[in-house]
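Data file: final.txt. Format and content: compact mmCIF, C-alpha atoms and all ligand atoms.
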```
# COMPACT_ATOMS: atom_id res chain seq x y z
CA MET A 46 141.73 190.90 103.93
CA SER A 47 138.18 190.05 102.75
CA ARG A 48 137.30 186.39 102.23
CA GLU A 49 136.67 187.11 98.56
CA ALA A 50 140.15 188.60 98.18
CA LEU A 51 141.51 185.37 99.66
CA GLY A 52 139.84 183.54 96.78
CA GLU A 53 136.96 181.82 98.60
CA SER A 54 134.09 181.05 96.26
CA ILE A 55 131.24 178.75 95.32
CA GLU A 56 131.38 178.16 91.59
CA ILE A 57 129.26 176.03 89.29
CA LEU A 58 131.92 174.77 86.89
CA PRO A 59 131.54 176.34 83.44
CA VAL A 60 132.41 174.17 80.43
CA ASP A 61 134.65 177.03 79.18
CA LEU A 62 137.19 175.70 81.69
CA LEU A 63 138.06 172.93 79.23
CA ASP A 64 139.43 175.45 76.73
CA GLU A 65 140.83 177.85 79.32
CA GLN A 66 142.81 175.01 80.90
CA ARG A 67 143.56 173.09 77.67
CA PRO A 68 147.22 172.13 78.43
CA VAL A 69 146.20 170.74 81.85
CA VAL A 70 143.19 168.93 80.35
CA GLU A 71 145.38 167.28 77.72
CA SER A 72 148.03 166.22 80.20
CA LEU A 73 145.33 164.75 82.50
CA LYS A 74 143.99 162.76 79.55
CA ARG A 75 147.49 161.47 78.70
CA LEU A 76 148.19 160.45 82.30
CA ALA A 77 144.80 158.70 82.63
CA ALA A 78 145.46 156.79 79.41
CA THR A 79 148.85 155.54 80.61
CA LEU A 80 147.27 154.45 83.91
CA ARG A 81 144.24 152.88 82.18
CA LEU A 82 141.88 155.08 84.20
CA GLU A 83 138.66 156.62 82.88
CA PHE A 84 137.03 159.91 83.86
CA GLY A 85 133.57 160.39 85.32
CA TRP A 86 131.53 162.42 82.83
CA HIS A 87 132.31 165.85 84.38
CA TYR A 88 135.68 165.06 86.02
CA LEU A 89 137.77 167.00 83.51
CA LEU A 90 135.91 170.12 84.65
CA ASP A 91 136.41 169.26 88.32
CA LEU A 92 140.10 168.50 87.89
CA SER A 93 140.91 171.53 85.77
CA TRP A 94 139.07 173.81 88.24
CA ILE A 95 140.98 172.39 91.22
CA LEU A 96 144.36 172.50 89.47
CA SER A 97 143.80 176.04 88.20
CA ARG A 98 143.35 177.22 91.80
CA LEU A 99 145.91 175.07 93.57
CA GLY A 100 149.09 176.69 92.23
CA VAL A 101 152.54 175.12 92.63
CA VAL A 102 152.36 171.75 94.39
CA ASP A 103 156.02 170.65 94.33
CA GLY A 104 157.07 169.77 97.88
CA LYS A 105 153.57 170.44 99.32
CA ARG A 106 151.62 168.09 101.61
CA ILE A 107 148.20 167.60 100.05
CA MET A 108 145.26 165.38 100.98
CA ASP A 109 143.09 163.91 98.23
CA ALA A 110 139.85 163.37 100.18
CA GLY A 111 137.74 160.51 98.78
CA ALA A 112 140.49 159.74 96.29
CA GLY A 113 139.55 156.21 95.23
CA THR A 114 142.10 155.37 92.53
CA GLY A 115 141.29 158.68 90.77
CA VAL A 116 143.71 160.53 88.52
CA LEU A 117 144.28 163.61 90.71
CA GLN A 118 146.51 161.96 93.35
CA TRP A 119 148.82 160.53 90.64
CA TYR A 120 148.91 163.85 88.80
CA LEU A 121 149.87 165.73 91.98
CA ALA A 122 152.57 163.19 92.88
CA ALA A 123 153.98 163.48 89.35
CA GLN A 124 154.26 167.26 89.98
CA GLY A 125 156.29 166.59 93.13
CA ALA A 126 153.59 166.65 95.85
CA TRP A 127 153.47 164.39 98.92
CA VAL A 128 149.89 163.15 98.70
CA ILE A 129 147.85 161.52 101.43
CA SER A 130 145.13 159.58 99.65
CA VAL A 131 142.09 158.97 101.88
CA ASP A 132 139.08 156.81 101.14
CA ARG A 133 136.76 154.57 103.14
CA MET A 134 136.97 152.12 100.24
CA SER A 135 139.96 149.81 100.64
CA ARG A 136 142.78 150.19 98.09
CA ALA A 137 144.91 147.52 99.81
CA ALA A 138 145.10 145.52 96.56
CA LEU A 139 146.18 148.56 94.53
CA PRO A 140 147.53 147.27 91.18
CA LEU A 141 151.26 147.20 90.59
CA ARG A 142 151.27 149.85 87.86
CA PHE A 143 150.71 152.59 90.46
CA ARG A 144 153.06 151.38 93.15
CA ARG A 145 156.70 151.89 92.30
CA ARG A 146 156.06 154.71 89.85
CA PHE A 147 154.33 156.88 92.50
CA HIS A 148 156.29 155.67 95.56
CA VAL A 149 153.05 154.36 97.08
CA ARG A 150 153.01 153.19 100.70
CA GLY A 151 150.30 152.55 103.30
CA LEU A 152 149.94 154.84 106.30
CA ARG A 153 149.38 151.68 108.37
CA PRO A 154 150.25 148.07 107.35
CA SER A 155 146.55 147.30 106.74
CA ASP A 156 146.20 150.19 104.24
CA LEU A 157 148.30 148.51 101.52
CA SER A 158 148.96 144.79 100.91
CA PRO A 159 152.42 143.70 99.77
CA ALA A 160 152.96 144.00 96.02
CA TRP A 161 153.13 140.20 95.46
CA SER A 162 149.76 139.69 97.20
CA ALA A 163 148.12 142.49 95.16
CA TYR A 164 149.60 140.98 92.00
CA PHE A 165 148.04 137.56 92.65
CA GLN A 166 144.71 139.17 93.60
CA GLY A 167 144.83 140.76 90.14
CA PHE A 168 144.17 137.31 88.63
CA ARG A 169 140.77 137.36 90.35
CA ARG A 170 139.79 140.81 89.04
CA PRO A 171 136.70 140.64 86.77
CA VAL A 172 137.47 140.76 83.04
CA ARG A 173 134.89 141.05 80.25
CA GLY A 174 134.57 138.29 77.66
CA ALA A 175 134.23 134.53 77.94
CA GLY A 176 136.28 131.32 77.91
CA LEU A 177 139.74 131.42 76.37
CA ARG A 178 139.45 135.09 75.48
CA ARG A 179 138.92 135.99 79.13
CA TRP A 180 142.04 134.02 80.15
CA ALA A 181 144.11 135.66 77.42
CA THR A 182 142.96 139.18 78.46
CA ARG A 183 143.72 138.48 82.09
CA GLY A 184 147.18 137.11 81.23
CA TYR A 185 147.90 140.15 79.08
CA ASN A 186 146.74 142.58 81.80
CA GLN A 187 148.85 140.91 84.46
CA THR A 188 151.95 140.89 82.23
CA LEU A 189 151.40 144.60 81.61
CA GLU A 190 151.13 145.27 85.37
CA LEU A 191 154.43 143.53 85.96
CA ALA A 192 156.16 145.30 83.08
CA GLU A 193 154.96 148.71 84.24
CA TRP A 194 156.03 147.98 87.80
CA LEU A 195 159.51 147.07 86.61
CA LEU A 196 160.03 149.59 83.82
CA LYS A 197 158.13 152.88 84.41
CA PRO A 198 160.48 155.51 85.90
CA PRO A 199 159.39 156.79 89.31
CA VAL A 200 158.03 160.33 89.70
CA LYS A 201 159.32 162.96 92.15
CA GLY A 202 156.45 162.93 94.67
CA SER A 203 154.72 160.14 96.56
CA VAL A 204 151.30 158.81 97.59
CA VAL A 205 150.38 157.50 101.05
CA ILE A 206 147.24 155.36 101.16
CA TYR A 207 144.96 155.81 104.20
CA ASN A 208 141.80 153.71 104.39
CA GLN A 209 139.56 155.83 106.60
CA ASP A 210 136.30 157.73 106.78
CA LEU A 211 136.82 161.46 106.26
CA ALA A 212 134.75 162.15 109.36
CA ASN A 213 137.56 160.77 111.54
CA LEU A 214 141.13 161.31 110.39
CA ALA A 215 142.62 160.25 113.72
CA GLU A 216 146.13 159.57 112.34
CA ILE A 217 146.52 163.06 110.85
CA ALA A 218 147.72 165.90 113.07
CA ASP A 219 146.00 169.29 113.38
CA ASP A 220 147.32 172.05 111.07
CA SER A 221 149.57 169.66 109.14
CA LEU A 222 148.57 169.91 105.45
CA ASP A 223 149.09 172.66 102.87
CA ALA A 224 145.92 171.80 100.92
CA VAL A 225 142.97 169.43 100.78
CA VAL A 226 141.50 168.58 97.39
CA SER A 227 138.44 166.45 96.69
CA VAL A 228 136.95 165.39 93.36
CA SER A 229 133.26 164.50 93.36
CA ALA A 230 133.44 162.62 96.67
CA LEU A 231 131.86 164.78 99.38
CA GLU A 232 128.37 164.64 97.83
CA HIS A 233 128.23 160.98 98.84
CA ASN A 234 127.53 162.19 102.37
CA THR A 235 124.26 163.48 103.81
CA PRO A 236 124.15 167.24 104.48
CA GLN A 237 124.54 166.45 108.23
CA GLY A 238 127.38 163.97 107.65
CA LEU A 239 129.13 166.40 105.34
CA GLY A 240 129.22 169.05 108.08
CA VAL A 241 131.28 166.68 110.25
CA VAL A 242 133.59 165.83 107.32
CA VAL A 243 134.26 169.50 106.50
CA LYS A 244 135.18 170.28 110.14
CA GLU A 245 137.64 167.37 110.08
CA LEU A 246 139.19 168.52 106.78
CA MET A 247 139.60 172.04 108.17
CA ARG A 248 141.21 170.66 111.34
CA VAL A 249 144.07 169.01 109.42
CA LEU A 250 144.70 172.04 107.16
CA LYS A 251 147.45 174.50 108.11
CA PRO A 252 146.28 178.07 108.78
CA GLY A 253 146.21 179.77 105.37
CA GLY A 254 145.80 176.36 103.67
CA VAL A 255 143.16 175.83 101.00
CA LEU A 256 140.28 173.36 100.70
CA LEU A 257 139.24 172.85 97.06
CA ALA A 258 136.33 170.45 96.72
CA THR A 259 133.99 169.67 93.87
CA LEU A 260 130.49 168.42 94.63
CA THR A 261 127.16 168.40 92.80
CA ALA A 262 124.78 171.35 92.63
CA GLY A 263 121.01 171.45 93.13
CA ARG A 264 119.20 174.57 91.93
CA ASP A 265 116.38 175.22 94.44
CA GLN A 266 116.59 172.39 96.96
CA ASP A 267 118.94 169.67 98.13
CA TRP A 268 118.05 166.43 96.41
CA TRP A 269 119.33 162.88 96.16
CA HIS A 270 120.44 161.69 92.73
CA GLU A 271 119.73 157.99 92.83
CA ALA A 272 121.75 157.02 89.74
CA SER A 273 125.01 158.42 91.16
CA SER A 274 124.14 157.89 94.87
CA GLY A 275 124.94 161.51 95.60
CA TRP A 276 123.38 164.66 97.04
CA CYS A 277 122.94 167.79 94.96
CA TYR A 278 123.30 170.83 97.22
CA THR A 279 121.95 174.34 96.94
CA ASP A 280 124.11 177.44 97.31
CA ASN A 281 122.56 178.00 100.73
CA THR A 282 123.36 174.50 102.00
CA LEU A 283 126.99 174.73 100.77
CA ARG A 284 127.38 178.09 102.53
CA GLN A 285 126.10 176.62 105.79
CA ILE A 286 128.16 173.43 105.61
CA PHE A 287 131.41 175.16 104.59
CA ASP A 288 130.72 178.13 106.86
CA LEU A 289 131.00 180.68 104.04
CA PRO A 290 129.26 184.04 104.59
CA ALA A 291 127.02 185.84 102.07
CA SER A 292 129.99 188.00 100.99
CA VAL A 293 131.66 184.98 99.36
CA SER A 294 130.85 184.98 95.63
CA SER A 295 128.71 182.39 93.88
CA ASN A 296 127.42 181.96 90.33
CA TYR A 297 124.26 179.98 91.22
CA ASP A 298 122.28 182.88 89.73
CA ARG A 299 123.56 181.59 86.33
CA TYR A 300 122.48 177.99 87.05
CA ASP A 301 120.16 177.63 84.00
CA GLU A 302 122.50 179.28 81.51
CA LEU A 303 125.49 177.19 82.67
CA PHE A 304 123.40 174.00 82.61
CA GLU A 305 122.31 174.67 79.05
CA LYS A 306 125.96 174.99 77.96
CA LEU A 307 126.88 171.82 79.85
CA ARG A 308 124.12 169.82 78.16
CA ASN A 309 125.43 171.02 74.79
CA CYS A 310 129.11 170.32 75.51
CA ALA A 311 130.21 167.99 72.70
CA GLU A 312 133.62 167.26 74.27
CA LEU A 313 132.05 165.75 77.40
CA ARG A 314 129.06 164.20 75.59
CA ASP A 315 131.16 162.42 72.96
CA ASN A 316 133.78 161.02 75.32
CA LEU A 317 131.71 159.17 77.91
CA ALA A 318 133.75 156.52 79.72
CA ASN A 319 133.12 152.89 78.82
CA PHE A 320 131.81 152.06 82.29
CA TYR A 321 128.65 154.14 81.67
CA PHE A 322 127.68 151.69 78.92
CA HIS A 323 128.07 148.64 81.17
CA ASP A 324 126.85 149.86 84.57
CA ASP A 325 123.62 151.84 85.08
CA ARG A 326 124.57 152.73 88.68
CA LYS A 327 127.43 155.02 87.62
CA GLY A 328 125.21 158.05 87.00
CA MET A 329 124.49 158.04 83.26
CA PRO A 330 122.25 154.98 82.70
CA GLY A 331 122.76 153.18 79.39
CA GLY A 332 125.56 155.56 78.44
CA VAL A 333 122.91 158.02 77.21
CA TRP A 334 124.10 161.62 77.62
CA ASN A 335 121.56 163.18 79.96
CA PRO A 336 123.17 165.27 82.74
CA GLN A 337 120.83 165.69 85.70
CA TYR A 338 123.01 168.03 87.75
CA GLN A 339 126.07 170.27 87.48
CA PRO A 340 129.43 170.01 89.21
CA VAL A 341 130.18 172.84 91.66
CA GLY A 342 133.50 173.84 93.22
CA VAL A 343 133.90 175.17 96.76
CA CYS A 344 137.07 177.01 97.72
CA LYS A 345 137.62 177.67 101.43
CA ILE A 346 140.72 179.04 103.16
CA LYS A 347 141.58 178.23 106.77
CA SER A 348 141.92 181.46 108.67
CA VAL A 349 145.35 182.35 110.01
C1 LIG A 401 132.75 159.06 92.85
S1 LIG A 401 134.15 158.49 93.72
C2 LIG A 401 135.39 159.67 93.20
C3 LIG A 401 136.75 159.11 93.44
C4 LIG A 401 137.92 160.01 93.04
N1 LIG A 401 137.89 161.29 93.73
C5 LIG A 401 138.08 160.21 91.55
O1 LIG A 401 138.38 161.32 91.13
O2 LIG A 401 137.94 159.23 90.80
C6 LIG A 401 133.79 159.03 95.38
C7 LIG A 401 134.73 158.43 96.42
O3 LIG A 401 134.58 159.17 97.62
C8 LIG A 401 134.68 158.28 98.71
N2 LIG A 401 134.03 158.89 99.88
C9 LIG A 401 132.87 159.60 99.92
N3 LIG A 401 132.60 160.00 101.18
C10 LIG A 401 133.61 159.54 101.95
C11 LIG A 401 133.89 159.60 103.35
N4 LIG A 401 133.05 160.21 104.20
N5 LIG A 401 135.02 159.01 103.79
C12 LIG A 401 135.87 158.39 102.93
N6 LIG A 401 135.65 158.28 101.62
C13 LIG A 401 134.54 158.84 101.12
C14 LIG A 401 133.98 157.03 98.21
O4 LIG A 401 134.35 155.88 98.95
C15 LIG A 401 134.42 156.98 96.74
O5 LIG A 401 135.59 156.20 96.59
```

Could I get this file's structure written as structure tokens?
Ligand SMILES: C[S@@+](CC[C@H](N)C(=O)[O-])C[C@H]1O[C@@H](n2cnc3c(N)ncnc32)[C@H](O)[C@@H]1O
Amino acid sequence: MSREALGESIEILPVDLLDEQRPVVESLKRLAATLRLEFGWHYLLDLSWILSRLGVVDGKRIMDAGAGTGVLQWYLAAQGAWVISVDRMSRAALPLRFRRRFHVRGLRPSDLSPAWSAYFQGFRRPVRGAGLRRWATRGYNQTLELAEWLLKPPVKGSVVIYNQDLANLAEIADDSLDAVVSVSALEHNTPQGLGVVVKELMRVLKPGGVLLATLTAGRDQDWWHEASSGWCYTDNTLRQIFDLPASVSSNYDRYDELFEKLRNCAELRDNLANFYFHDDRKGMPGGVWNPQYQPVGVCKIKSV
């Protein structure tokens, strides 16, 4: 079977995905709201692209590579997947609201602190506001954490936290996972570093398993986007890194047309997360809508 027939592709994510995948988009928004998570400015595109290609996940073993505390791992667990959530950033103090509901455990003891310890660390988490108001907000947040831990019914699947660099997944066996997904994480690696990461992700995939990763696209050359601390990769670089031959389809020839539509996308423009207005290092300084790059999805299948 040709690689194209298998579904391998490099695809700049068109904003039309939001309407094509409307039920998924709305259920992602609802889940994020209940978990008090916000989306990066293009994440709804990334997530709907990944989910539209992943198929049924119930009972599957799936890695979320560079997961942070992002929505995808919780969404997959809610659909019945066994998720291994990998990030080099520690999530040991993961708030209580995620824990019981998603059957969260650490792969090793150091990957996840006990719930009581995470709860007390929550009192040190930064809260906006001053004086009495800050204390009241913190008290309210912590009461909510406890209530959600006690009352939210658990989902079918589970999430295993693994604090590790993706270049070295020593605790994960060869050929052991049905799928690897990754939302806007791999671009935080140099082109050379990313080559090592991709080899490691392919090692842990089962033959026939799928790697679905979203990264950021550069039109004519690879370049470093300072504001989001990420690389924007050309079609050529992605092909080399993911070892995808020229026969695998790409829509980079529509780069300008797709970018124009993205810049004019009211749904993304008018729903920027609050953090963009408070932190200029998140990729959209001052909360001013001004996309500098486009998200791109790479689909690669491990040969049988
Ligand atoms: C922009 S955040 C996206 C987080 C998450 N995927 C989401 O949807 O919110 C990128 C994450 O990728 C992680 N990351 C990037 N490269 C990594 C690597 N080589 N090993 C482990 N984590 C990595 C970072 O630590 C960061 O938490």

Residue among A:Thr259, A:Ser292, A:Gln285, A:Ser229 lying closest to ligand LIG 401 (chain A), counting all atoms listed in the file: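 Smallest separation from ligand LIG 401 (chain A) among the options: A:Ser229.
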
All residues having an atom within 8 Å of ligand LIG 401 (chain A) (only C-alpha atoms and all ligand atoms) as a ChimeraX atom specification: /A:84-85,88,109-117,131-134,208-212,227-234,238-239,242,273

Please determine, counting all atoms listed in the file, which residue among A:Ala218, A:Ala318, A:Val349, A:Val149 has the shortest atom-to-atom distance to Trp334 in chain A. A:Ala318

Near-Ser97 in chain A list (10 Å; only C-alpha atoms; drop same-chain fewer than 5 positions) as a PyMOL selection string: chain A and resi 62+65-66+69+92

Print the selection's residues with C-alpha atoms to a file, as a CSV table (one decimal), keeping the file's coordinate frame.
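The resulting selection_2.csv:
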```csv
chain,number,residue,atom,x,y,z
A,62,LEU,CA,137.2,175.7,81.7
A,65,GLU,CA,140.8,177.8,79.3
A,66,GLN,CA,142.8,175.0,80.9
A,69,VAL,CA,146.2,170.7,81.8
A,92,LEU,CA,140.1,168.5,87.9
```

At a cut-off of 12 Å, using only C-alpha atoms, what residues contact Cys310 in chain A? Leave out same-chain residues fewer than 2 positions from it and give the result as an mmCIF file with C-alpha atoms, in the coordinates of the input.
```cif
data_model
loop_
_atom_site.group_PDB
_atom_site.id
_atom_site.type_symbol
_atom_site.label_atom_id
_atom_site.label_comp_id
_atom_site.auth_asym_id
_atom_site.auth_seq_id
_atom_site.Cartn_x
_atom_site.Cartn_y
_atom_site.Cartn_z
ATOM 1 C CA PRO A 59 131.540 176.340 83.440
ATOM 2 C CA VAL A 60 132.410 174.170 80.430
ATOM 3 C CA ASP A 61 134.650 177.030 79.180
ATOM 4 C CA LEU A 62 137.190 175.700 81.690
ATOM 5 C CA LEU A 63 138.060 172.930 79.230
ATOM 6 C CA ASP A 64 139.430 175.450 76.730
ATOM 7 C CA TRP A 86 131.530 162.420 82.830
ATOM 8 C CA HIS A 87 132.310 165.850 84.380
ATOM 9 C CA LEU A 90 135.910 170.120 84.650
ATOM 10 C CA LEU A 303 125.490 177.190 82.670
ATOM 11 C CA PHE A 304 123.400 174.000 82.610
ATOM 12 C CA GLU A 305 122.310 174.670 79.050
ATOM 13 C CA LYS A 306 125.960 174.990 77.960
ATOM 14 C CA LEU A 307 126.880 171.820 79.850
ATOM 15 C CA ARG A 308 124.120 169.820 78.160
ATOM 16 C CA GLU A 312 133.620 167.260 74.270
ATOM 17 C CA LEU A 313 132.050 165.750 77.400
ATOM 18 C CA ARG A 314 129.060 164.200 75.590
ATOM 19 C CA ASP A 315 131.160 162.420 72.960
ATOM 20 C CA ASN A 316 133.780 161.020 75.320
ATOM 21 C CA LEU A 317 131.710 159.170 77.910
ATOM 22 C CA TRP A 334 124.100 161.620 77.620
ATOM 23 C CA ASN A 335 121.560 163.180 79.960
ATOM 24 C CA PRO A 336 123.170 165.270 82.740
#
```

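Considering the residues A:Ala138, A:Leu58, A:Gln237, A:Leu96 and counting only C-alpha atoms, Tyr338 in chain A has its shortest atom-to-atom contact with A:Leu58.
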
Judged by all atoms listed in the file, the minimum distance to Thr79 in chain A among A:Gly275, A:Val128, A:Arg146, A:Gly202 is found for A:Arg146

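The nearest approach to Lys347 in chain A among the residues A:Arg75, A:Gly52, A:Ser162, A:Leu139, with all atoms listed in the file taken into account, belongs to A:Gly52.
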
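Interatomic distance, CA of Thr235 in chain A against CA of Glu216 in chain A: 23.8 Å.
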
Tell me which protein, DNA and RNA residues are within 9 Å of Tyr278 in chain A, counting only C-alpha atoms, leaving out same-chain ones fewer than 6 positions away, and put them as a ChimeraX atom specification. /A:232,236,260-269

Generate the output file for the selected residues, C-alpha atoms, as a PDB file, keeping the file's coordinate frame.
```pdb
ATOM      1  CA  GLU A 232     128.370 164.640  97.830  1.00  0.00           C
ATOM      2  CA  PRO A 236     124.150 167.240 104.480  1.00  0.00           C
ATOM      3  CA  LEU A 260     130.490 168.420  94.630  1.00  0.00           C
ATOM      4  CA  THR A 261     127.160 168.400  92.800  1.00  0.00           C
ATOM      5  CA  ALA A 262     124.780 171.350  92.630  1.00  0.00           C
ATOM      6  CA  GLY A 263     121.010 171.450  93.130  1.00  0.00           C
ATOM      7  CA  ARG A 264     119.200 174.570  91.930  1.00  0.00           C
ATOM      8  CA  ASP A 265     116.380 175.220  94.440  1.00  0.00           C
ATOM      9  CA  GLN A 266     116.590 172.390  96.960  1.00  0.00           C
ATOM     10  CA  ASP A 267     118.940 169.670  98.130  1.00  0.00           C
ATOM     11  CA  TRP A 268     118.050 166.430  96.410  1.00  0.00           C
ATOM     12  CA  TRP A 269     119.330 162.880  96.160  1.00  0.00           C
TER      13      TRP A 269
END
```

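Closest to Asp288 in chain A among A:Ala126, A:Ser72, A:Gly328, A:Glu53 is A:Glu53, based on all atoms listed in the file.
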
For Met247 in chain A: contacts at 10 Å, only C-alpha atoms, fewer than 6 positions along chain excluded, given as a list in words: Asp219, Asp220, Leu222, Ala224, Val225, Gly254, Val255, Leu256, Phe287, Lys345, Ile346, Lys347 and Ser348 of chain A

CA of Phe168 in chain A to CA of Ala137 in chain A: how many Å, to one decimal?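 If I compute the distance from CA of Phe168 in chain A to CA of Ala137 in chain A, I get 15.2 Å.
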
Using CA of Leu157 in chain A and CA of Leu89 in chain A as the two end points, give the distance in Å to one decimal. 27.9 Å

Could you build a table of the residues in range 174-290 of chain A lying no more than 12 Å from range 322-325 of chain A, giving for each the nearest pair of atoms and their separation in Å rounded to one decimal place, using all atoms listed in the file, ordered by chain and ascending residue number, as CSV?
```
residue,atom,partner,partner_atom,distance
A:Glu271,CA,A:Asp325,CA,10.6
A:Ala272,CA,A:Asp325,CA,7.2
A:Ser273,CA,A:Asp325,CA,9.1
A:Ser274,CA,A:Asp325,CA,11.5
```

Output range 115-135 of chain A as a tab-separated table (two decimals), in the coordinates of the input, making sure N, CA and C atoms are there.
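Saved file out.tsv follows:
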```tsv
chain	number	residue	atom	x	y	z
A	115	GLY	N	141.44	157.59	91.75
A	115	GLY	CA	141.29	158.68	90.77
A	115	GLY	C	142.60	159.31	90.33
A	116	VAL	N	142.53	160.00	89.21
A	116	VAL	CA	143.71	160.53	88.52
A	116	VAL	C	144.44	161.61	89.33
A	117	LEU	N	143.68	162.41	90.12
A	117	LEU	CA	144.28	163.61	90.71
A	117	LEU	C	145.50	163.30	91.59
A	118	GLN	N	145.39	162.28	92.45
A	118	GLN	CA	146.51	161.96	93.35
A	118	GLN	C	147.78	161.64	92.57
A	119	TRP	N	147.65	160.92	91.44
A	119	TRP	CA	148.82	160.53	90.64
A	119	TRP	C	149.39	161.77	89.93
A	120	TYR	N	148.49	162.62	89.48
A	120	TYR	CA	148.91	163.85	88.80
A	120	TYR	C	149.71	164.73	89.77
A	121	LEU	N	149.19	164.88	90.99
A	121	LEU	CA	149.87	165.73	91.98
A	121	LEU	C	151.23	165.15	92.35
A	122	ALA	N	151.28	163.83	92.54
A	122	ALA	CA	152.57	163.19	92.88
A	122	ALA	C	153.57	163.39	91.74
A	123	ALA	N	153.08	163.29	90.51
A	123	ALA	CA	153.98	163.48	89.35
A	123	ALA	C	154.53	164.91	89.32
A	124	GLN	N	153.78	165.86	89.92
A	124	GLN	CA	154.26	167.26	89.98
A	124	GLN	C	155.12	167.50	91.22
A	125	GLY	N	155.37	166.45	91.99
A	125	GLY	CA	156.29	166.59	93.13
A	125	GLY	C	155.62	166.73	94.49
A	126	ALA	N	154.27	166.53	94.55
A	126	ALA	CA	153.59	166.65	95.85
A	126	ALA	C	153.71	165.36	96.67
A	127	TRP	N	153.61	165.52	98.00
A	127	TRP	CA	153.47	164.39	98.92
A	127	TRP	C	151.97	164.30	99.19
A	128	VAL	N	151.36	163.24	98.67
A	128	VAL	CA	149.89	163.15	98.70
A	128	VAL	C	149.46	162.13	99.73
A	129	ILE	N	148.50	162.52	100.58
A	129	ILE	CA	147.85	161.52	101.43
A	129	ILE	C	146.48	161.24	100.82
A	130	SER	N	146.29	160.00	100.43
A	130	SER	CA	145.13	159.58	99.65
A	130	SER	C	144.14	158.86	100.57
A	131	VAL	N	143.02	159.52	100.88
A	131	VAL	CA	142.09	158.97	101.88
A	131	VAL	C	140.81	158.50	101.22
A	132	ASP	N	140.38	157.31	101.59
A	132	ASP	CA	139.08	156.81	101.14
A	132	ASP	C	138.62	155.73	102.10
A	133	ARG	N	137.28	155.63	102.28
A	133	ARG	CA	136.76	154.57	103.14
A	133	ARG	C	136.73	153.25	102.39
A	134	MET	N	136.87	153.32	101.06
A	134	MET	CA	136.97	152.12	100.24
A	134	MET	C	138.42	151.63	100.31
A	135	SER	N	138.59	150.33	100.54
A	135	SER	CA	139.96	149.81	100.64
A	135	SER	C	140.67	149.85	99.28
```
